[in-house]
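Peer 1: Take a look at coords13.pdb, PDB, C-alpha atoms, pLDDT in the B column:
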ATOM      1  CA  MET K   1     108.547  96.245 110.176  1.00 91.00           C
ATOM      2  CA  LYS K   2     104.960  95.292 109.445  1.00 95.00           C
ATOM      3  CA  THR K   3     103.344  97.786 107.092  1.00 96.00           C
ATOM      4  CA  ARG K   4      99.824  97.988 105.727  1.00 96.00           C
ATOM      5  CA  ILE K   5      98.876  99.880 102.588  1.00 97.00           C
ATOM      6  CA  LEU K   6      95.204 100.647 102.075  1.00 97.00           C
ATOM      7  CA  VAL K   7      94.355 101.466  98.462  1.00 98.00           C
ATOM      8  CA  ARG K   8      90.965 102.944  97.703  1.00 97.00           C
ATOM      9  CA  LEU K   9      89.312 104.528  94.694  1.00 97.00           C
ATOM     10  CA  LYS K  10      89.369 108.329  94.738  1.00 97.00           C
ATOM     11  CA  PRO K  11      86.052 109.979  95.635  1.00 94.00           C
ATOM     12  CA  GLY K  12      83.876 110.263  92.555  1.00 95.00           C
ATOM     13  CA  VAL K  13      85.402 107.294  90.738  1.00 97.00           C
ATOM     14  CA  LEU K  14      82.711 104.758  89.909  1.00 97.00           C
ATOM     15  CA  ASP K  15      83.024 101.497  91.887  1.00 97.00           C
ATOM     16  CA  PRO K  16      81.089  98.752  90.056  1.00 97.00           C
ATOM     17  CA  GLN K  17      82.394  96.070  92.446  1.00 97.00           C
ATOM     18  CA  GLY K  18      81.089  98.069  95.407  1.00 98.00           C
ATOM     19  CA  ARG K  19      77.731  98.523  93.703  1.00 97.00           C
ATOM     20  CA  ALA K  20      77.490  94.790  93.083  1.00 98.00           C
ATOM     21  CA  VAL K  21      78.253  94.033  96.737  1.00 98.00           C
ATOM     22  CA  HIS K  22      75.742  96.667  97.862  1.00 98.00           C
ATOM     23  CA  HIS K  23      73.093  95.123  95.630  1.00 98.00           C
ATOM     24  CA  SER K  24      73.883  91.626  96.946  1.00 98.00           C
ATOM     25  CA  LEU K  25      73.657  92.774 100.584  1.00 98.00           C
ATOM     26  CA  ASP K  26      70.242  94.308  99.857  1.00 97.00           C
ATOM     27  CA  HIS K  27      69.191  91.102  98.144  1.00 97.00           C
ATOM     28  CA  LEU K  28      70.300  89.036 101.159  1.00 97.00           C
ATOM     29  CA  GLY K  29      68.030  91.145 103.362  1.00 97.00           C
ATOM     30  CA  PHE K  30      70.568  93.392 105.090  1.00 96.00           C
ATOM     31  CA  ASP K  31      68.861  96.729 105.616  1.00 92.00           C
ATOM     32  CA  GLY K  32      70.487 100.049 106.278  1.00 91.00           C
ATOM     33  CA  VAL K  33      73.474  99.681 103.957  1.00 97.00           C
ATOM     34  CA  GLU K  34      73.965 103.154 102.520  1.00 96.00           C
ATOM     35  CA  ASP K  35      77.230 102.852 100.611  1.00 96.00           C
ATOM     36  CA  VAL K  36      79.851 100.220  99.810  1.00 98.00           C
ATOM     37  CA  ARG K  37      83.306 100.839  98.395  1.00 97.00           C
ATOM     38  CA  ILE K  38      85.866  98.123  97.735  1.00 98.00           C
ATOM     39  CA  GLY K  39      89.602  98.622  97.996  1.00 98.00           C
ATOM     40  CA  ARG K  40      92.795  96.644  98.398  1.00 98.00           C
ATOM     41  CA  MET K  41      94.904  95.924 101.444  1.00 98.00           C
ATOM     42  CA  ILE K  42      98.586  95.139 100.976  1.00 98.00           C
ATOM     43  CA  GLU K  43     100.408  93.883 104.074  1.00 97.00           C
ATOM     44  CA  MET K  44     104.185  93.847 103.804  1.00 97.00           C
ATOM     45  CA  ASP K  45     106.999  92.842 106.087  1.00 96.00           C
ATOM     46  CA  LEU K  46     109.717  95.421 105.375  1.00 96.00           C
ATOM     47  CA  ALA K  47     113.240  95.902 106.701  1.00 95.00           C
ATOM     48  CA  ASP K  48     113.234  97.996 109.894  1.00 92.00           C
ATOM     49  CA  GLY K  49     113.748 101.662 109.155  1.00 89.00           C
ATOM     50  CA  THR K  50     112.352 101.608 105.633  1.00 93.00           C
ATOM     51  CA  SER K  51     111.558 105.255 104.967  1.00 93.00           C
ATOM     52  CA  ARG K  52     108.268 106.885 104.128  1.00 93.00           C
ATOM     53  CA  GLU K  53     109.816 107.955 100.810  1.00 95.00           C
ATOM     54  CA  THR K  54     110.610 104.355  99.884  1.00 96.00           C
ATOM     55  CA  ILE K  55     107.110 103.153 100.727  1.00 97.00           C
ATOM     56  CA  ASP K  56     105.618 106.087  98.803  1.00 97.00           C
ATOM     57  CA  ALA K  57     107.701 105.080  95.798  1.00 97.00           C
ATOM     58  CA  MET K  58     106.443 101.484  96.045  1.00 97.00           C
ATOM     59  CA  CYS K  59     102.866 102.759  96.074  1.00 98.00           C
ATOM     60  CA  ARG K  60     103.315 105.178  93.187  1.00 97.00           C
ATOM     61  CA  GLN K  61     105.260 102.757  91.000  1.00 97.00           C
ATOM     62  CA  LEU K  62     103.394  99.533  91.614  1.00 98.00           C
ATOM     63  CA  LEU K  63     100.810  99.233  94.372  1.00 98.00           C
ATOM     64  CA  ALA K  64      98.337 101.988  93.468  1.00 98.00           C
ATOM     65  CA  ASN K  65      97.073 103.466  90.232  1.00 97.00           C
ATOM     66  CA  MET K  66      97.479 107.139  91.079  1.00 97.00           C
ATOM     67  CA  VAL K  67      95.094 108.204  88.327  1.00 97.00           C
ATOM     68  CA  ILE K  68      92.076 106.708  90.052  1.00 98.00           C
ATOM     69  CA  GLU K  69      93.295 105.556  93.483  1.00 98.00           C
ATOM     70  CA  ASP K  70      94.558 106.994  96.759  1.00 97.00           C
ATOM     71  CA  TYR K  71      96.595 105.106  99.323  1.00 97.00           C
ATOM     72  CA  ALA K  72      97.273 105.291 103.039  1.00 96.00           C
ATOM     73  CA  ILE K  73     100.293 103.823 104.832  1.00 95.00           C
ATOM     74  CA  GLU K  74     100.052 102.345 108.340  1.00 93.00           C
ATOM     75  CA  ILE K  75     102.832 100.890 110.454  1.00 92.00           C
ATOM     76  CA  LEU K  76     101.637  97.914 112.528  1.00 90.00           C
ATOM     77  CA  ASP K  77     102.780  96.510 115.857  1.00 87.00           C
ATOM     78  CA  ASP K  78     103.432  92.802 116.330  1.00 83.00           C
ATOM     79  CA  ALA K  79      99.745  92.202 117.002  1.00 81.00           C
ATOM     80  CA  GLY K  80      98.824  93.833 113.704  1.00 78.00           C
ATOM     81  CA  ASN K  81      97.378  97.036 115.157  1.00 80.00           C
ATOM     82  CA  PRO K  82      98.219 100.383 113.527  1.00 81.00           C
ATOM     83  CA  VAL K  83     100.722 102.433 115.546  1.00 82.00           C
ATOM     84  CA  GLY K  84     101.160 105.343 113.171  1.00 75.00           C
ATOM     85  CA  GLU K  85     102.783 106.408 109.952  1.00 75.00           C
ATOM     86  CA  PRO K  86     106.373 105.770 108.864  1.00 72.00           C
ATOM     87  CA  ALA K  87     109.118 108.304 109.655  1.00 66.00           C
TER
ATOM     88  CA  MET B   1      78.213 104.442 110.838  1.00 91.00           C
ATOM     89  CA  LYS B   2      81.362 104.045 108.788  1.00 95.00           C
ATOM     90  CA  THR B   3      82.642 100.490 108.944  1.00 96.00           C
ATOM     91  CA  ARG B   4      85.725  98.898 107.448  1.00 96.00           C
ATOM     92  CA  ILE B   5      86.085  95.168 106.845  1.00 97.00           C
ATOM     93  CA  LEU B   6      89.595  93.865 106.234  1.00 97.00           C
ATOM     94  CA  VAL B   7      89.637  90.465 104.562  1.00 98.00           C
ATOM     95  CA  ARG B   8      92.903  88.547 104.426  1.00 97.00           C
ATOM     96  CA  LEU B   9      93.938  85.037 103.490  1.00 97.00           C
ATOM     97  CA  LYS B  10      94.344  82.702 106.464  1.00 97.00           C
ATOM     98  CA  PRO B  11      97.942  81.986 107.463  1.00 94.00           C
ATOM     99  CA  GLY B  12      99.333  79.169 105.353  1.00 95.00           C
ATOM    100  CA  VAL B  13      97.082  79.787 102.366  1.00 97.00           C
ATOM    101  CA  LEU B  14      99.164  80.398  99.259  1.00 97.00           C
ATOM    102  CA  ASP B  15      98.959  83.991  97.982  1.00 97.00           C
ATOM    103  CA  PRO B  16     100.047  84.064  94.320  1.00 97.00           C
ATOM    104  CA  GLN B  17      99.053  87.727  93.954  1.00 97.00           C
ATOM    105  CA  GLY B  18     101.256  88.627  96.919  1.00 98.00           C
ATOM    106  CA  ARG B  19     104.133  86.618  95.458  1.00 97.00           C
ATOM    107  CA  ALA B  20     103.781  88.438  92.135  1.00 98.00           C
ATOM    108  CA  VAL B  21     103.840  91.839  93.877  1.00 98.00           C
ATOM    109  CA  HIS B  22     106.844  90.766  95.982  1.00 98.00           C
ATOM    110  CA  HIS B  23     108.662  89.690  92.838  1.00 98.00           C
ATOM    111  CA  SER B  24     107.825  92.966  91.088  1.00 98.00           C
ATOM    112  CA  LEU B  25     109.056  95.040  94.044  1.00 98.00           C
ATOM    113  CA  ASP B  26     112.350  93.123  93.972  1.00 97.00           C
ATOM    114  CA  HIS B  27     112.572  93.665  90.255  1.00 97.00           C
ATOM    115  CA  LEU B  28     111.986  97.423  90.669  1.00 97.00           C
ATOM    116  CA  GLY B  29     114.967  97.539  93.040  1.00 97.00           C
ATOM    117  CA  PHE B  30     113.184  97.765  96.401  1.00 96.00           C
ATOM    118  CA  ASP B  31     115.358  95.886  98.888  1.00 91.00           C
ATOM    119  CA  GLY B  32     114.338  94.537 102.240  1.00 91.00           C
ATOM    120  CA  VAL B  33     110.864  93.333 101.329  1.00 97.00           C
ATOM    121  CA  GLU B  34     110.437  90.120 103.288  1.00 96.00           C
ATOM    122  CA  ASP B  35     106.809  89.220 102.721  1.00 96.00           C
ATOM    123  CA  VAL B  36     103.777  90.557 100.857  1.00 98.00           C
ATOM    124  CA  ARG B  37     100.164  89.499 101.350  1.00 97.00           C
ATOM    125  CA  ILE B  38      97.232  90.966  99.487  1.00 98.00           C
ATOM    126  CA  GLY B  39      93.770  91.308 100.940  1.00 98.00           C
ATOM    127  CA  ARG B  40      90.558  93.238 100.423  1.00 98.00           C
ATOM    128  CA  MET B  41      89.172  96.285 102.157  1.00 98.00           C
ATOM    129  CA  ILE B  42      85.419  96.844 102.166  1.00 98.00           C
ATOM    130  CA  GLU B  43      84.271 100.233 103.448  1.00 97.00           C
ATOM    131  CA  MET B  44      80.556 100.494 104.188  1.00 97.00           C
ATOM    132  CA  ASP B  45      78.289 103.199 105.436  1.00 96.00           C
ATOM    133  CA  LEU B  46      75.800 101.378 107.673  1.00 97.00           C
ATOM    134  CA  ALA B  47      72.799 102.513 109.680  1.00 95.00           C
ATOM    135  CA  ASP B  48      73.824 103.685 113.160  1.00 92.00           C
ATOM    136  CA  GLY B  49      73.598 100.902 115.700  1.00 89.00           C
ATOM    137  CA  THR B  50      74.069  98.032 113.249  1.00 93.00           C
ATOM    138  CA  SER B  51      75.115  95.160 115.497  1.00 93.00           C
ATOM    139  CA  ARG B  52      78.276  93.120 115.461  1.00 93.00           C
ATOM    140  CA  GLU B  53      76.116  90.065 114.717  1.00 95.00           C
ATOM    141  CA  THR B  54      74.686  91.677 111.584  1.00 96.00           C
ATOM    142  CA  ILE B  55      78.114  92.668 110.285  1.00 97.00           C
ATOM    143  CA  ASP B  56      79.438  89.186 111.078  1.00 97.00           C
ATOM    144  CA  ALA B  57      76.576  87.727 109.045  1.00 97.00           C
ATOM    145  CA  MET B  58      77.412  90.002 106.099  1.00 97.00           C
ATOM    146  CA  CYS B  59      81.018  88.800 106.221  1.00 98.00           C
ATOM    147  CA  ARG B  60      80.172  85.136 106.517  1.00 97.00           C
ATOM    148  CA  GLN B  61      77.467  85.170 103.847  1.00 97.00           C
ATOM    149  CA  LEU B  62      79.052  87.427 101.256  1.00 98.00           C
ATOM    150  CA  LEU B  63      82.168  89.452 101.998  1.00 98.00           C
ATOM    151  CA  ALA B  64      84.643  86.746 103.011  1.00 98.00           C
ATOM    152  CA  ASN B  65      85.264  83.173 101.952  1.00 97.00           C
ATOM    153  CA  MET B  66      85.521  81.582 105.388  1.00 97.00           C
ATOM    154  CA  VAL B  67      87.285  78.493 104.013  1.00 97.00           C
ATOM    155  CA  ILE B  68      90.424  80.416 103.132  1.00 98.00           C
ATOM    156  CA  GLU B  69      89.937  83.916 104.541  1.00 98.00           C
ATOM    157  CA  ASP B  70      89.693  85.725 107.876  1.00 97.00           C
ATOM    158  CA  TYR B  71      88.118  89.122 108.422  1.00 97.00           C
ATOM    159  CA  ALA B  72      88.395  91.974 110.891  1.00 96.00           C
ATOM    160  CA  ILE B  73      85.753  94.633 111.552  1.00 95.00           C
ATOM    161  CA  GLU B  74      86.650  98.223 112.414  1.00 93.00           C
ATOM    162  CA  ILE B  75      84.313 101.111 113.188  1.00 92.00           C
ATOM    163  CA  LEU B  76      85.622 104.417 111.823  1.00 90.00           C
ATOM    164  CA  ASP B  77      85.160 107.986 112.959  1.00 87.00           C
ATOM    165  CA  ASP B  78      84.201 110.738 110.507  1.00 84.00           C
ATOM    166  CA  ALA B  79      87.845 111.209 109.535  1.00 81.00           C
ATOM    167  CA  GLY B  80      88.109 107.523 108.645  1.00 79.00           C
ATOM    168  CA  ASN B  81      90.246 106.488 111.633  1.00 80.00           C
ATOM    169  CA  PRO B  82      89.440 103.239 113.475  1.00 81.00           C
ATOM    170  CA  VAL B  83      87.774 103.815 116.834  1.00 82.00           C
ATOM    171  CA  GLY B  84      87.118 100.219 117.821  1.00 75.00           C
ATOM    172  CA  GLU B  85      84.903  97.254 117.145  1.00 75.00           C
ATOM    173  CA  PRO B  86      81.107  97.241 116.900  1.00 72.00           C
ATOM    174  CA  ALA B  87      78.968  96.607 119.995  1.00 67.00           C
TER
END
In structure tokens, write the structure found in this file.

Peer 2:
Amino acid sequence: MKTRILVRLKPGVLDPQGRAVHHSLDHLGFDGVEDVRIGRMIEMDLADGTSRETIDAMCRQLLANMVIEDYAIEILDDAGNPVGEPA
Amino acid sequence: MKTRILVRLKPGVLDPQGRAVHHSLDHLGFDGVEDVRIGRMIEMDLADGTSRETIDAMCRQLLANMVIEDYAIEILDDAGNPVGEPA
């Protein structure tokens, strides 16, 4: 079961990496960039039927820092496209 | 225009960060994890109508290392859900 976890900083948390990228895009001449935020993507191949609770536990214990980050869980089809959330 | 860039290592490129996370998940007692790959997510707020070519140029020049990484571009709706690729 292909699973994708998207980890992003909570709203309001300063993102110095995003600011640096924003600054670099401006410097390279790309206009119209209003905001940049950087996060992590974790793609896992899990045993079929792995529960939402188990994946939540992985996120809380290891994959995300719940103090400053939020996460979203997506289940992917074989082509890598999101088909929903876990049961 | 909310845009999400997903940057992942090309298939076959060694992912030591993914291996470390995989090892840690095993160690924490999570069974059934078969593979873990770590990538980056860049979420940008761009001017409406920014072309696919412009976003491609951002990726090639700054956001992705084309030697070892691939990227995918998603346009998001206001709720942050993918609604397709840029025109």

Peer 1: I need every residue sitting at most 12 Å from the point (77.2, 93.4, 95.9) (coordinates as in the file, only C-alpha atoms considered), written as a list in words.

Peer 2: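 Within the cut-off we find Asp15, Pro16, Gln17, Gly18, Arg19, Ala20, Val21, His22, His23, Ser24, Leu25, Asp26, His27, Leu28, Phe30, Val33, Asp35, Val36, Arg37 and Ile38 of chain K; Ile42, Met44, Met58, Cys59, Gln61, Leu62 and Leu63 of chain B.
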
Peer 1: Decode the PyMOL selection byres ((chain B and resi 79-87) around 12) for the given file into explicit residues and return them as JSON, numbers by chain.

Peer 2: {"K": [6, 72, 74, 81, 82, 83, 84], "B": [1, 2, 3, 4, 5, 6, 43, 44, 45, 46, 48, 49, 50, 51, 52, 53, 54, 55, 56, 72, 73, 74, 75, 76, 77, 78]}

Peer 1: Can you give me, as a list in words, the residues this file yields under the PyMOL selection byres ((chain K and resi 67) around 12)?

Peer 2: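 Residues picked by the PyMOL selection byres ((chain K and resi 67) around 12): Arg8, Leu9, Lys10, Pro11, Val13, Arg60, Gln61, Ala64, Asn65, Met66, Ile68, Glu69, Asp70 and Tyr71 of chain K.
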
Peer 1: So that all listed atoms of region 62-76 of chain B fit with 5 Å spare on each side, what axis-aligned box centre and edge lengths in Å, to one decimal, would you give as lines of an AutoDock Vina configuration file?

Peer 2:
center_x = 84.7
center_y = 91.5
center_z = 107.2
size_x = 21.4
size_y = 35.9
size_z = 21.9

Peer 1: For a test of reading the model, state the distance in Å between CA of Gly29 (chain K) and CA of Ala57 (chain B), rounded to one decimal.

Peer 2: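 Straight-line distance from CA of Gly29 (chain K) to CA of Ala57 (chain B) works out to 10.8 Å.
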
Peer 1: Just to confirm, what's the straight-line distance from CA of Val7 (chain B) to CA of Met41 (chain K) in Å (one decimal)?

Peer 2: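 Going from CA of Val7 (chain B) over to CA of Met41 (chain K) covers 8.2 Å.
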